[in-house]
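Source file final_23.cif; content: mmCIF, C-alpha atoms.
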data_upload
#
loop_
_atom_site.group_PDB
_atom_site.id
_atom_site.type_symbol
_atom_site.label_atom_id
_atom_site.label_comp_id
_atom_site.auth_asym_id
_atom_site.auth_seq_id
_atom_site.Cartn_x
_atom_site.Cartn_y
_atom_site.Cartn_z
ATOM 1 C CA MET A 653 68.598 100.449 106.801
ATOM 2 C CA LEU A 654 71.672 102.619 106.159
ATOM 3 C CA VAL A 655 70.743 105.751 104.194
ATOM 4 C CA SER A 656 72.822 108.596 102.761
ATOM 5 C CA ILE A 657 71.120 111.858 101.765
ATOM 6 C CA ALA A 658 72.957 114.627 99.910
ATOM 7 C CA LEU A 659 71.422 118.083 99.496
ATOM 8 C CA ILE A 660 72.816 119.812 96.422
ATOM 9 C CA ASP A 661 72.315 123.395 95.230
ATOM 10 C CA LEU A 662 71.559 124.376 91.645
ATOM 11 C CA SER A 663 75.247 124.954 90.850
ATOM 12 C CA GLY A 664 76.079 121.370 91.888
ATOM 13 C CA HIS A 665 77.681 122.086 95.274
ATOM 14 C CA VAL A 666 76.900 119.548 97.986
ATOM 15 C CA ILE A 667 75.662 121.695 100.868
ATOM 16 C CA ALA A 668 74.749 118.960 103.341
ATOM 17 C CA ILE A 669 75.203 115.226 103.773
ATOM 18 C CA ILE A 670 73.045 113.269 106.179
ATOM 19 C CA ASP A 671 74.013 109.665 106.888
ATOM 20 C CA GLY A 672 72.082 107.464 109.249
ATOM 21 C CA GLU A 673 70.208 104.307 110.040
ATOM 22 C CA TYR A 674 66.492 104.695 109.267
ATOM 23 C CA ILE A 675 63.528 102.359 109.378
ATOM 24 C CA GLN A 676 61.159 102.196 106.416
ATOM 25 C CA GLY A 677 58.571 104.987 106.435
ATOM 26 C CA TYR A 678 58.268 108.760 106.156
ATOM 27 C CA HIS A 679 60.928 111.070 107.567
ATOM 28 C CA SER A 680 61.529 114.825 107.420
ATOM 29 C CA ILE A 681 64.542 117.130 107.328
ATOM 30 C CA GLN A 682 64.639 120.609 108.880
ATOM 31 C CA MET A 683 65.128 123.061 105.981
ATOM 32 C CA ASP A 684 64.983 126.462 107.708
ATOM 33 C CA ARG A 685 68.688 127.233 107.142
ATOM 34 C CA PHE A 686 68.453 127.100 103.332
ATOM 35 C CA SER A 687 68.006 130.227 101.241
ATOM 36 C CA PRO A 688 65.098 130.299 98.805
ATOM 37 C CA GLY A 689 66.003 128.513 95.574
ATOM 38 C CA VAL A 690 66.122 125.215 93.705
ATOM 39 C CA TYR A 691 67.879 122.236 95.284
ATOM 40 C CA PHE A 692 68.284 118.531 94.656
ATOM 41 C CA CYS A 693 68.024 115.721 97.182
ATOM 42 C CA ARG A 694 69.950 112.530 96.350
ATOM 43 C CA LEU A 695 69.075 109.475 98.441
ATOM 44 C CA VAL A 696 71.236 106.341 98.371
ATOM 45 C CA SER A 697 70.334 103.155 100.233
ATOM 46 C CA GLY A 698 71.748 99.760 99.344
ATOM 47 C CA GLY A 699 71.490 99.441 95.569
ATOM 48 C CA PHE A 700 68.812 102.157 95.315
ATOM 49 C CA THR A 701 69.583 105.745 94.260
ATOM 50 C CA ASP A 702 67.029 108.497 93.609
ATOM 51 C CA THR A 703 67.393 112.230 92.989
ATOM 52 C CA GLN A 704 64.497 114.653 93.364
ATOM 53 C CA ARG A 705 64.311 118.395 92.730
ATOM 54 C CA PHE A 706 62.671 120.662 95.309
ATOM 55 C CA VAL A 707 62.151 124.389 95.762
ATOM 56 C CA VAL A 708 62.599 126.340 98.996
ATOM 57 C CA ILE A 709 60.232 129.325 99.148
ATOM 58 C CA GLU A 710 60.541 132.017 101.779
#
Step by step, read the file and then write its structure as structure tokens.
Amino acid sequence: MLVSIALIDLSGHVIAIIDGEYIQGYHSIQMDRFSPGVYFCRLVSGGFTDTQRFVVIE
């Protein structure tokens, strides 16, 4: 399944885009290069779009 993930900072800047072919299930993204703060993760796959807020803590 083709998936596009955009990581967006609190000011609305897209700081990373990850596109790839993934099978259904759980996956993880390495987040050690992000400064502490609030971010959003937007996932788009087929007709599905979801945006979730997350916090990076040092």
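The gap separating atom CA of A:Ile657 from atom CA of A:Ile670 is 5.0 Å, in Å to one decimal.
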Can you translate the PyMOL selection byres ((chain A and resi 702) around 12) into the concrete residues it hits in this file, as a list in words?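 Here the PyMOL selection byres ((chain A and resi 702) around 12) matches Val655, Ser656, Ile657, Ala658, Phe692, Cys693, Arg694, Leu695, Val696, Ser697, Gly698, Gly699, Phe700, Thr701, Thr703, Gln704 and Arg705 of chain A.
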Shortest contact to A:Ser687, candidates A:Ile660, A:Val666, A:Val708, A:Met653, atoms counted only C-alpha atoms, goes to A:Val708
- prompt: With all atoms listed in the file as the basis for distance, which of A:Tyr691, A:Phe686, A:Phe706, A:Tyr674 is at the shortest distance from A:Leu662?
  reply: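 Closest to A:Leu662, using all atoms listed in the file: A:Tyr691.
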Separating atom CA of A:Gly664 from atom CA of A:Val707, to the nearest tenth of an Å, is a gap of 14.8 Å
